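> I am sharing coords21.tsv, which consists of TSV, C-alpha atoms and all ligand atoms:
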```tsv
chain	number	residue	atom	x	y	z
A	1	MET	CA	-47.72	-20.16	12.44
A	2	ALA	CA	-47.66	-16.90	14.36
A	3	LYS	CA	-45.20	-14.20	15.41
A	4	ILE	CA	-45.11	-14.06	19.20
A	5	LEU	CA	-43.57	-11.41	21.42
A	6	VAL	CA	-42.48	-12.92	24.75
A	7	THR	CA	-41.78	-10.47	27.57
A	8	GLY	CA	-39.44	-11.85	30.22
A	9	GLY	CA	-38.26	-14.53	27.81
A	10	ALA	CA	-34.79	-14.53	29.42
A	11	GLY	CA	-36.27	-15.75	32.71
A	12	TYR	CA	-37.02	-19.25	33.93
A	13	ILE	CA	-40.53	-19.97	32.63
A	14	GLY	CA	-40.24	-17.46	29.76
A	15	SER	CA	-37.13	-19.11	28.31
A	16	HIS	CA	-38.64	-22.61	28.48
A	17	THR	CA	-41.80	-21.30	26.80
A	18	THR	CA	-39.77	-19.56	24.08
A	19	LEU	CA	-38.07	-22.86	23.32
A	20	ALA	CA	-41.43	-24.67	23.19
A	21	LEU	CA	-42.89	-22.01	20.86
A	22	LEU	CA	-39.95	-22.33	18.46
A	23	GLU	CA	-40.20	-26.13	18.51
A	24	ARG	CA	-43.89	-25.78	17.69
A	25	GLY	CA	-42.97	-23.71	14.62
A	26	HIS	CA	-43.90	-20.24	15.84
A	27	ASP	CA	-41.58	-17.28	15.37
A	28	VAL	CA	-40.55	-15.52	18.58
A	29	ILE	CA	-39.01	-12.25	19.67
A	30	VAL	CA	-38.11	-11.69	23.30
A	31	VAL	CA	-38.32	-8.39	25.17
A	32	ASP	CA	-36.39	-8.47	28.43
A	33	ASN	CA	-34.52	-5.76	30.32
A	34	LEU	CA	-32.31	-8.48	31.89
A	35	SER	CA	-32.88	-7.09	35.38
A	36	ARG	CA	-33.54	-10.65	36.59
A	37	GLY	CA	-33.32	-12.77	33.46
A	38	HIS	CA	-30.15	-14.12	31.83
A	39	ALA	CA	-28.99	-13.19	28.33
A	40	HIS	CA	-27.57	-16.72	27.92
A	41	ASN	CA	-31.15	-18.09	27.95
A	42	VAL	CA	-32.02	-16.43	24.64
A	43	ASP	CA	-30.63	-16.49	21.13
A	44	PRO	CA	-29.15	-12.96	20.81
A	45	LYS	CA	-30.81	-12.53	17.41
A	46	ARG	CA	-34.20	-12.72	19.10
A	47	LEU	CA	-33.48	-10.60	22.18
A	48	TRP	CA	-34.57	-6.96	22.50
A	49	ARG	CA	-33.33	-5.30	25.62
A	50	ILE	CA	-36.22	-2.90	26.12
A	51	HIS	CA	-38.04	-1.79	29.27
A	52	LEU	CA	-41.80	-2.31	29.20
A	53	THR	CA	-42.35	1.34	30.06
A	54	ASP	CA	-40.64	2.44	26.83
A	55	THR	CA	-43.94	2.53	24.97
A	56	ASP	CA	-42.61	4.12	21.77
A	57	ALA	CA	-39.88	1.52	21.38
A	58	LEU	CA	-42.34	-1.31	22.07
A	59	VAL	CA	-44.92	-0.03	19.60
A	60	ARG	CA	-42.23	0.39	16.92
A	61	LEU	CA	-41.00	-3.15	17.53
A	62	MET	CA	-44.51	-4.65	17.50
A	63	ARG	CA	-45.30	-2.93	14.20
A	64	ALA	CA	-41.96	-3.64	12.54
A	65	GLU	CA	-42.09	-7.32	13.51
A	66	GLU	CA	-45.81	-7.69	12.78
A	67	VAL	CA	-46.46	-9.35	16.12
A	68	ASP	CA	-49.67	-11.43	16.30
A	69	ALA	CA	-49.80	-12.05	20.05
A	70	VAL	CA	-47.94	-11.44	23.30
A	71	ILE	CA	-47.02	-13.80	26.13
A	72	HIS	CA	-46.24	-11.67	29.17
A	73	PHE	CA	-43.89	-13.08	31.83
A	74	ALA	CA	-41.80	-10.05	32.76
A	75	ALA	CA	-42.39	-9.46	36.48
A	76	TYR	CA	-40.79	-9.81	39.88
A	77	ILE	CA	-41.74	-13.04	41.64
A	78	ALA	CA	-40.46	-13.12	45.21
A	79	VAL	CA	-43.26	-13.03	47.79
A	80	GLY	CA	-40.93	-12.04	50.67
A	81	GLU	CA	-39.31	-9.23	48.71
A	82	SER	CA	-42.76	-7.93	47.77
A	83	THR	CA	-43.60	-7.47	51.47
A	84	ARG	CA	-40.39	-5.47	51.99
A	85	GLU	CA	-40.66	-3.43	48.78
A	86	PRO	CA	-44.31	-3.26	47.78
A	87	GLU	CA	-43.87	-0.14	45.64
A	88	LEU	CA	-41.32	-1.98	43.52
A	89	TYR	CA	-43.79	-4.80	42.91
A	90	PHE	CA	-46.71	-2.56	42.01
A	91	SER	CA	-44.64	-0.35	39.75
A	92	ASN	CA	-42.88	-3.22	37.97
A	93	ASN	CA	-45.66	-5.82	37.83
A	94	VAL	CA	-48.73	-3.60	37.49
A	95	GLY	CA	-47.11	-0.50	35.93
A	96	GLY	CA	-45.04	-2.62	33.53
A	97	SER	CA	-48.11	-4.63	32.48
A	98	LEU	CA	-50.18	-1.51	31.96
A	99	ALA	CA	-47.45	0.03	29.80
A	100	LEU	CA	-47.29	-3.18	27.76
A	101	LEU	CA	-51.08	-3.22	27.34
A	102	THR	CA	-51.00	0.42	26.22
A	103	ALA	CA	-48.37	-0.41	23.60
A	104	MET	CA	-50.43	-3.41	22.43
A	105	GLN	CA	-53.48	-1.18	22.09
A	106	GLN	CA	-51.50	1.33	20.02
A	107	ALA	CA	-50.06	-1.44	17.83
A	108	GLY	CA	-53.47	-3.12	17.44
A	109	ILE	CA	-52.49	-6.45	19.07
A	110	LYS	CA	-55.51	-8.21	20.56
A	111	ARG	CA	-54.18	-11.47	22.02
A	112	LEU	CA	-52.31	-11.95	25.30
A	113	VAL	CA	-51.31	-14.87	27.53
A	114	PHE	CA	-50.59	-13.63	31.03
A	115	SER	CA	-48.34	-15.19	33.64
A	116	SER	CA	-50.44	-15.28	36.82
A	117	THR	CA	-50.09	-17.28	40.01
A	118	ALA	CA	-51.82	-19.43	42.59
A	119	ALA	CA	-50.93	-16.59	44.98
A	120	VAL	CA	-54.08	-14.82	43.72
A	121	TYR	CA	-56.04	-17.22	45.97
A	122	GLY	CA	-54.07	-16.45	49.15
A	123	MET	CA	-55.00	-18.90	51.91
A	124	PRO	CA	-57.89	-20.73	50.25
A	125	GLU	CA	-60.66	-22.17	52.38
A	126	ARG	CA	-60.65	-25.47	50.53
A	127	VAL	CA	-58.42	-27.52	48.26
A	128	PRO	CA	-58.14	-28.50	45.47
A	129	ILE	CA	-58.51	-24.93	44.28
A	130	THR	CA	-60.85	-24.22	41.38
A	131	GLU	CA	-60.64	-21.11	39.22
A	132	ASP	CA	-63.97	-19.75	40.45
A	133	MET	CA	-62.67	-19.33	44.00
A	134	PRO	CA	-62.32	-15.69	45.06
A	135	PHE	CA	-59.21	-13.55	44.77
A	136	ALA	CA	-57.77	-13.20	48.27
A	137	PRO	CA	-54.05	-12.45	47.93
A	138	VAL	CA	-51.97	-12.16	51.10
A	139	SER	CA	-48.91	-10.43	49.61
A	140	PRO	CA	-48.20	-7.45	47.37
A	141	TYR	CA	-46.85	-9.96	44.84
A	142	GLY	CA	-50.14	-11.88	44.74
A	143	ASP	CA	-52.16	-8.69	44.60
A	144	SER	CA	-50.04	-7.29	41.76
A	145	LYS	CA	-51.16	-10.30	39.68
A	146	VAL	CA	-54.79	-9.88	40.76
A	147	MET	CA	-54.67	-6.25	39.66
A	148	VAL	CA	-53.43	-7.20	36.21
A	149	GLU	CA	-56.06	-9.94	35.88
A	150	ARG	CA	-58.71	-7.35	36.72
A	151	ILE	CA	-57.33	-4.88	34.18
A	152	LEU	CA	-57.45	-7.67	31.59
A	153	GLY	CA	-61.13	-8.20	32.41
A	154	TRP	CA	-61.88	-4.56	31.60
A	155	LEU	CA	-59.81	-4.60	28.44
A	156	ASP	CA	-61.69	-7.68	27.25
A	157	GLN	CA	-64.89	-5.70	27.68
A	158	TYR	CA	-63.83	-2.34	26.29
A	159	ARG	CA	-60.87	-3.04	23.99
A	160	ASP	CA	-61.72	-6.49	22.59
A	161	LEU	CA	-58.43	-7.72	24.01
A	162	ARG	CA	-58.67	-11.50	24.41
A	163	SER	CA	-56.42	-12.83	27.14
A	164	ILE	CA	-55.78	-16.02	29.07
A	165	SER	CA	-54.33	-15.84	32.57
A	166	LEU	CA	-52.43	-18.93	33.70
A	167	ARG	CA	-52.26	-19.30	37.46
A	168	TYR	CA	-49.13	-21.30	38.14
A	169	PHE	CA	-48.70	-23.53	41.15
A	170	ASN	CA	-45.08	-24.51	41.99
A	171	ALA	CA	-43.01	-24.29	38.83
A	172	CYS	CA	-39.92	-26.50	38.98
A	173	GLY	CA	-37.67	-28.85	37.02
A	174	ALA	CA	-35.59	-28.07	33.95
A	175	ASP	CA	-35.66	-28.65	30.21
A	176	PRO	CA	-35.42	-32.47	29.78
A	177	GLN	CA	-32.68	-31.95	27.14
A	178	GLY	CA	-30.65	-29.89	29.64
A	179	ARG	CA	-30.62	-26.66	27.60
A	180	LEU	CA	-32.26	-24.48	30.28
A	181	GLY	CA	-33.05	-24.57	33.99
A	182	GLU	CA	-33.81	-22.60	37.10
A	183	GLU	CA	-31.30	-19.85	37.97
A	184	HIS	CA	-32.94	-17.36	40.29
A	185	ASN	CA	-30.69	-15.05	42.23
A	186	PRO	CA	-31.23	-15.27	45.12
A	187	GLU	CA	-32.86	-18.68	44.88
A	188	THR	CA	-35.86	-19.12	47.17
A	189	HIS	CA	-37.55	-22.21	45.72
A	190	LEU	CA	-37.56	-25.53	47.50
A	191	ILE	CA	-36.20	-27.97	44.92
A	192	PRO	CA	-33.13	-26.00	43.75
A	193	LEU	CA	-32.37	-25.16	47.39
A	194	LEU	CA	-32.47	-28.86	48.33
A	195	LEU	CA	-30.07	-29.68	45.50
A	196	ARG	CA	-27.73	-26.91	46.62
A	197	ALA	CA	-27.87	-28.12	50.22
A	198	ILE	CA	-26.64	-31.50	49.00
A	199	GLU	CA	-23.78	-29.88	47.13
A	200	THR	CA	-22.69	-27.44	49.82
A	201	GLY	CA	-23.52	-29.51	52.90
A	202	VAL	CA	-25.18	-26.43	54.40
A	203	PRO	CA	-28.54	-27.54	55.85
A	204	ILE	CA	-31.76	-26.15	54.41
A	205	THR	CA	-34.41	-24.99	56.85
A	206	VAL	CA	-37.82	-26.65	56.56
A	207	PHE	CA	-40.29	-23.87	57.28
A	208	GLY	CA	-42.45	-25.45	59.97
A	209	ASP	CA	-43.51	-29.03	60.78
A	210	ASP	CA	-46.61	-28.20	62.80
A	211	TYR	CA	-49.09	-27.65	59.98
A	212	ASP	CA	-52.33	-29.57	59.79
A	213	THR	CA	-50.98	-32.05	57.21
A	214	PRO	CA	-50.07	-35.76	57.58
A	215	ASP	CA	-46.36	-35.10	58.34
A	216	GLY	CA	-46.78	-31.51	59.55
A	217	THR	CA	-44.99	-29.86	56.61
A	218	CYS	CA	-46.62	-27.79	53.87
A	219	ILE	CA	-48.07	-29.46	50.81
A	220	ARG	CA	-47.62	-27.97	47.33
A	221	ASP	CA	-48.51	-28.88	43.76
A	222	TYR	CA	-45.23	-29.12	41.79
A	223	ILE	CA	-45.51	-28.58	38.06
A	224	HIS	CA	-42.68	-29.19	35.61
A	225	VAL	CA	-41.64	-26.05	33.75
A	226	SER	CA	-41.88	-27.79	30.35
A	227	ASP	CA	-45.51	-28.74	31.07
A	228	LEU	CA	-46.07	-25.15	32.12
A	229	ALA	CA	-44.56	-24.02	28.80
A	230	GLU	CA	-46.96	-26.35	27.01
A	231	ALA	CA	-49.88	-24.74	28.84
A	232	HIS	CA	-48.86	-21.41	27.26
A	233	ILE	CA	-48.92	-22.96	23.81
A	234	CYS	CA	-52.43	-24.34	24.44
A	235	ALA	CA	-53.60	-20.92	25.68
A	236	LEU	CA	-51.98	-19.03	22.83
A	237	GLU	CA	-53.38	-21.30	20.15
A	238	SER	CA	-56.85	-21.09	21.66
A	239	LEU	CA	-56.69	-17.28	21.43
A	240	LEU	CA	-55.27	-17.36	17.90
A	241	ASN	CA	-58.16	-19.62	16.90
A	242	GLY	CA	-60.65	-17.06	18.17
A	243	GLY	CA	-61.17	-18.50	21.66
A	244	PRO	CA	-62.44	-16.34	24.54
A	245	SER	CA	-60.68	-14.74	27.48
A	246	ASP	CA	-60.37	-17.02	30.49
A	247	ALA	CA	-58.20	-18.04	33.47
A	248	PHE	CA	-56.78	-21.48	34.22
A	249	ASN	CA	-54.88	-23.11	37.06
A	250	VAL	CA	-51.68	-24.82	36.00
A	251	GLY	CA	-50.87	-27.61	38.40
A	252	THR	CA	-51.14	-31.39	38.49
A	253	GLY	CA	-53.81	-31.83	41.15
A	254	THR	CA	-51.38	-33.87	43.29
A	255	GLY	CA	-49.67	-32.41	46.34
A	256	TYR	CA	-46.39	-33.35	48.05
A	257	SER	CA	-45.20	-32.29	51.47
A	258	VAL	CA	-41.78	-30.71	51.99
A	259	LEU	CA	-40.57	-33.93	53.67
A	260	GLU	CA	-41.87	-36.02	50.76
A	261	VAL	CA	-39.93	-33.82	48.35
A	262	ILE	CA	-36.81	-34.24	50.49
A	263	ARG	CA	-37.20	-38.06	50.39
A	264	ALA	CA	-37.69	-37.96	46.62
A	265	VAL	CA	-34.58	-35.79	46.19
A	266	GLU	CA	-32.59	-38.29	48.28
A	267	GLU	CA	-33.83	-41.19	46.15
A	268	VAL	CA	-33.04	-39.53	42.83
A	269	THR	CA	-29.63	-38.17	43.80
A	270	GLY	CA	-28.56	-41.02	46.08
A	271	ARG	CA	-27.37	-38.35	48.55
A	272	LYS	CA	-28.57	-37.24	51.98
A	273	VAL	CA	-30.23	-33.83	52.16
A	274	PRO	CA	-28.94	-31.92	55.19
A	275	TYR	CA	-31.92	-30.14	56.73
A	276	GLU	CA	-33.24	-28.77	59.97
A	277	ILE	CA	-36.73	-27.85	61.07
A	278	GLY	CA	-37.28	-24.13	61.57
A	279	PRO	CA	-40.21	-21.82	62.22
A	280	ARG	CA	-43.05	-21.29	59.79
A	281	ARG	CA	-42.49	-18.80	56.96
A	282	PRO	CA	-45.04	-15.97	57.19
A	283	GLY	CA	-47.71	-16.18	54.51
A	284	ASP	CA	-47.38	-19.94	53.80
A	285	ALA	CA	-50.69	-21.80	53.45
A	286	ALA	CA	-50.68	-25.40	54.75
A	287	VAL	CA	-51.91	-26.93	51.48
A	288	LEU	CA	-51.99	-25.42	47.98
A	289	VAL	CA	-53.13	-27.91	45.36
A	290	ALA	CA	-54.80	-27.12	42.06
A	291	ASN	CA	-57.85	-28.57	40.56
A	292	ALA	CA	-56.36	-28.55	37.06
A	293	ASP	CA	-59.30	-30.19	35.25
A	294	LYS	CA	-60.31	-27.03	33.41
A	295	LEU	CA	-57.01	-26.71	31.55
A	296	ARG	CA	-57.19	-30.35	30.47
A	297	THR	CA	-60.82	-30.32	29.42
A	298	VAL	CA	-61.10	-26.86	27.85
A	299	LEU	CA	-57.65	-26.51	26.26
A	300	GLY	CA	-56.63	-30.17	25.96
A	301	TRP	CA	-53.43	-29.74	28.00
A	302	ARG	CA	-51.62	-32.97	28.92
A	303	PRO	CA	-48.68	-32.80	31.34
A	304	GLN	CA	-45.82	-35.17	30.45
A	305	TYR	CA	-43.00	-34.42	32.88
A	306	SER	CA	-44.65	-33.51	36.18
A	307	ASP	CA	-44.14	-36.68	38.18
A	308	LEU	CA	-41.88	-35.77	41.08
A	309	ARG	CA	-39.08	-38.08	39.94
A	310	THR	CA	-38.78	-36.53	36.48
A	311	ILE	CA	-38.96	-33.06	37.99
A	312	ILE	CA	-36.06	-33.80	40.32
A	313	GLU	CA	-34.02	-35.72	37.72
A	314	THR	CA	-34.18	-32.82	35.26
A	315	ALA	CA	-33.48	-30.22	37.96
A	316	TRP	CA	-30.52	-32.26	39.25
A	317	ALA	CA	-29.03	-32.72	35.77
A	318	PHE	CA	-29.24	-28.96	35.22
A	319	GLU	CA	-27.87	-28.13	38.67
A	320	LYS	CA	-24.80	-30.32	38.09
A	321	LYS	CA	-24.20	-28.63	34.74
A	322	ARG	CA	-24.65	-25.17	36.26
A	323	THR	CA	-22.19	-25.76	39.08
A	324	ALA	CA	-19.68	-27.37	36.69
A	325	LYS	CA	-19.73	-24.10	34.74
A	326	GLY	CA	-19.21	-22.21	38.01
A	327	GLN	CA	-22.37	-20.10	37.58
B	1	LIG	N1	-39.72	-24.31	51.83
B	1	LIG	C1	-38.96	-24.68	52.92
B	1	LIG	N2	-37.67	-24.22	53.01
B	1	LIG	C2	-37.10	-23.42	52.06
B	1	LIG	C3	-37.88	-23.05	50.94
B	1	LIG	C4	-39.18	-23.51	50.85
B	1	LIG	O1	-39.43	-25.39	53.81
B	1	LIG	O2	-35.94	-23.02	52.21
B	1	LIG	C5	-41.11	-24.77	51.74
B	1	LIG	C6	-42.11	-23.63	51.75
B	1	LIG	O3	-42.49	-23.31	53.07
B	1	LIG	C7	-43.27	-24.22	50.93
B	1	LIG	C8	-42.56	-25.16	49.95
B	1	LIG	O4	-41.27	-25.40	50.49
B	1	LIG	O5	-44.09	-25.01	51.75
B	1	LIG	C9	-42.40	-24.54	48.57
B	1	LIG	O6	-41.84	-23.26	48.73
B	1	LIG	P1	-41.33	-22.40	47.49
B	1	LIG	O7	-40.71	-21.16	48.05
B	1	LIG	O8	-40.51	-23.25	46.59
B	1	LIG	O9	-42.66	-22.05	46.68
B	1	LIG	P2	-44.02	-21.33	47.16
B	1	LIG	O10	-44.90	-22.42	47.68
B	1	LIG	O11	-43.67	-20.31	48.18
B	1	LIG	O12	-44.54	-20.77	45.89
```
As structure tokens - that is how I would like this structure written.

Amino acid sequence: MAKILVTGGAGYIGSHTTLALLERGHDVIVVDNLSRGHAHNVDPKRLWRIHLTDTDALVRLMRAEEVDAVIHFAAYIAVGESTREPELYFSNNVGGSLALLTAMQQAGIKRLVFSSTAAVYGMPERVPITEDMPFAPVSPYGDSKVMVERILGWLDQYRDLRSISLRYFNACGADPQGRLGEEHNPETHLIPLLLRAIETGVPITVFGDDYDTPDGTCIRDYIHVSDLAEAHICALESLLNGGPSDAFNVGTGTGYSVLEVIRAVEEVTGRKVPYEIGPRRPGDAAVLVANADKLRTVLGWRPQYSDLRTIIETAWAFEKKRTAKGQ
């Protein structure tokens, strides 16, 4: 079993992946500056509150802990915010990654799993999206991930750094045992917002119902965060076994419209979702669905929790717990 450094392990996907790594028998340390993550998501014994740009501290930690590989989540993730503050996104997501890669080079670590996104494809010309489709990001956020993927390509060539980029579709749901869940602040994602609309009675706005889809609302590929965590384990173990650098979509291959998600939330919770139809959100593609065959065939990944019902049940259980705690 290996010693893994997880950056951004106090965040949503990072904390679920840390849990999955520990359950798999790996040893984990988390580096997180807690600017967006939550300390309560990580065992304090494992948490190092270090900024990625503190190269000396990172190199010391990597050497002292004899880290075998890195899984890199730490980044900002809000598309809208990235259009208002592009410098912030390039400095944190690209600059932070580059600093981490420099520290890895100095510490002699040659394996990395990188948290990428379907936003690297922008508004794709066809769906389902395969990994060989061109980079065409339409936001600074998406481009910040493209830039890091490109850097990783060069480091594979000139530094023998083997990396796997995982391009996530719509991460959602919560740990099926209720230990962790989604707690973004502010929350922008559809499923937690629908659950909050039920609780508060304040209607959620559906961003457009005039798209070229069967019911007019956007279609997305929703992937349970625990299945996403499992994809990281598959990628990591492939690299540790000497596998090559590569990039994989992480989605289910099935899309649901916003209205279909609303119906499913109503069925699972037994409550009405208050909503109204509003204008389109700039930058939204009508349909974003993965072709996720490559991850299954090359790395043997098998999603277990990504049917919409399980996604919503786990998210709802966590949401009720979160609000009971007053968080
Ligand atoms: N969406 C919506 N209202 C909201 C938030 C999201 O209609 O308040 C829609 C959004 O337009 C998209 C889908 O829900 O079609 C998923 O959006 P989310 O922000 O969760 O993820 P994204 O697809 O942007 O990664």
> Check which residues of chain A sit at most 8 Å from ligand LIG 1 (chain B) using only C-alpha atoms and all ligand atoms, and return one row each with the closest pair of atoms and their distance in Å to one decimal, ordered by chain and rising number, as a tab-separated table.

```
residue	atom	partner	partner_atom	distance
A:Val79	CA	B:LIG1	O11	7.3
A:Ala119	CA	B:LIG1	O12	7.7
A:Phe169	CA	B:LIG1	O12	6.9
A:Asn170	CA	B:LIG1	O12	5.4
A:Thr188	CA	B:LIG1	O7	5.3
A:His189	CA	B:LIG1	O8	3.3
A:Leu190	CA	B:LIG1	O8	3.8
A:Ile191	CA	B:LIG1	O8	6.6
A:Leu193	CA	B:LIG1	O2	6.4
A:Leu194	CA	B:LIG1	O2	7.8
A:Ile204	CA	B:LIG1	O2	5.7
A:Thr205	CA	B:LIG1	N2	5.1
A:Val206	CA	B:LIG1	O1	3.4
A:Phe207	CA	B:LIG1	O1	3.9
A:Gly208	CA	B:LIG1	O1	6.9
A:Thr217	CA	B:LIG1	O5	6.9
A:Cys218	CA	B:LIG1	O5	4.3
A:Ile219	CA	B:LIG1	O5	6.0
A:Arg220	CA	B:LIG1	O10	6.2
A:Ser257	CA	B:LIG1	O5	7.4
A:Val258	CA	B:LIG1	O4	5.5
A:Arg280	CA	B:LIG1	O3	7.0
A:Arg281	CA	B:LIG1	O3	6.0
A:Asp284	CA	B:LIG1	O3	6.0
A:Ala285	CA	B:LIG1	O5	7.5
A:Ala286	CA	B:LIG1	O5	7.3
A:Leu288	CA	B:LIG1	O10	7.7
```
> Just the residues within 10 Å of Ser139 in chain A, please, counting all atoms listed in the file, with nothing from its chain fewer than 6 positions along; format it as a ChimeraX atom specification.
/A:78-83,86,119-120,122,283
> Mind checking which residues fall within 10 Å of Ala231 in chain A, counting all atoms listed in the file, ignoring those fewer than 6 positions away in the same chain, and posting them as a list in words?
Thr17, Leu166, Tyr168, Val225, Glu237, Phe248, Asn249, Val250, Leu295, Arg296, Leu299, Gly300, Trp301, Arg302 and Pro303 of chain A
> Save out the residues we just selected, C-alpha atoms, as a PDB file, in the frame of the given file.

```
ATOM      1  CA  THR A  17     -41.800 -21.300  26.800  1.00  0.00           C
ATOM      2  CA  LEU A 166     -52.430 -18.930  33.700  1.00  0.00           C
ATOM      3  CA  TYR A 168     -49.130 -21.300  38.140  1.00  0.00           C
ATOM      4  CA  VAL A 225     -41.640 -26.050  33.750  1.00  0.00           C
ATOM      5  CA  GLU A 237     -53.380 -21.300  20.150  1.00  0.00           C
ATOM      6  CA  PHE A 248     -56.780 -21.480  34.220  1.00  0.00           C
ATOM      7  CA  ASN A 249     -54.880 -23.110  37.060  1.00  0.00           C
ATOM      8  CA  VAL A 250     -51.680 -24.820  36.000  1.00  0.00           C
ATOM      9  CA  LEU A 295     -57.010 -26.710  31.550  1.00  0.00           C
ATOM     10  CA  ARG A 296     -57.190 -30.350  30.470  1.00  0.00           C
ATOM     11  CA  LEU A 299     -57.650 -26.510  26.260  1.00  0.00           C
ATOM     12  CA  GLY A 300     -56.630 -30.170  25.960  1.00  0.00           C
ATOM     13  CA  TRP A 301     -53.430 -29.740  28.000  1.00  0.00           C
ATOM     14  CA  ARG A 302     -51.620 -32.970  28.920  1.00  0.00           C
ATOM     15  CA  PRO A 303     -48.680 -32.800  31.340  1.00  0.00           C
TER      16      PRO A 303
END
```
> Could you tell me how far CA of Ala315 in chain A lies from CA of Glu182 in chain A, in Å and to one decimal?
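Taking CA of Ala315 in chain A as the start and CA of Glu182 in chain A as the end point, the length is 7.7 Å.
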> Using all atoms listed in the file, which of A:Ile151, A:Leu98, A:Ala64, A:Leu5 sits nearest Arg46 in chain A?
A:Leu5
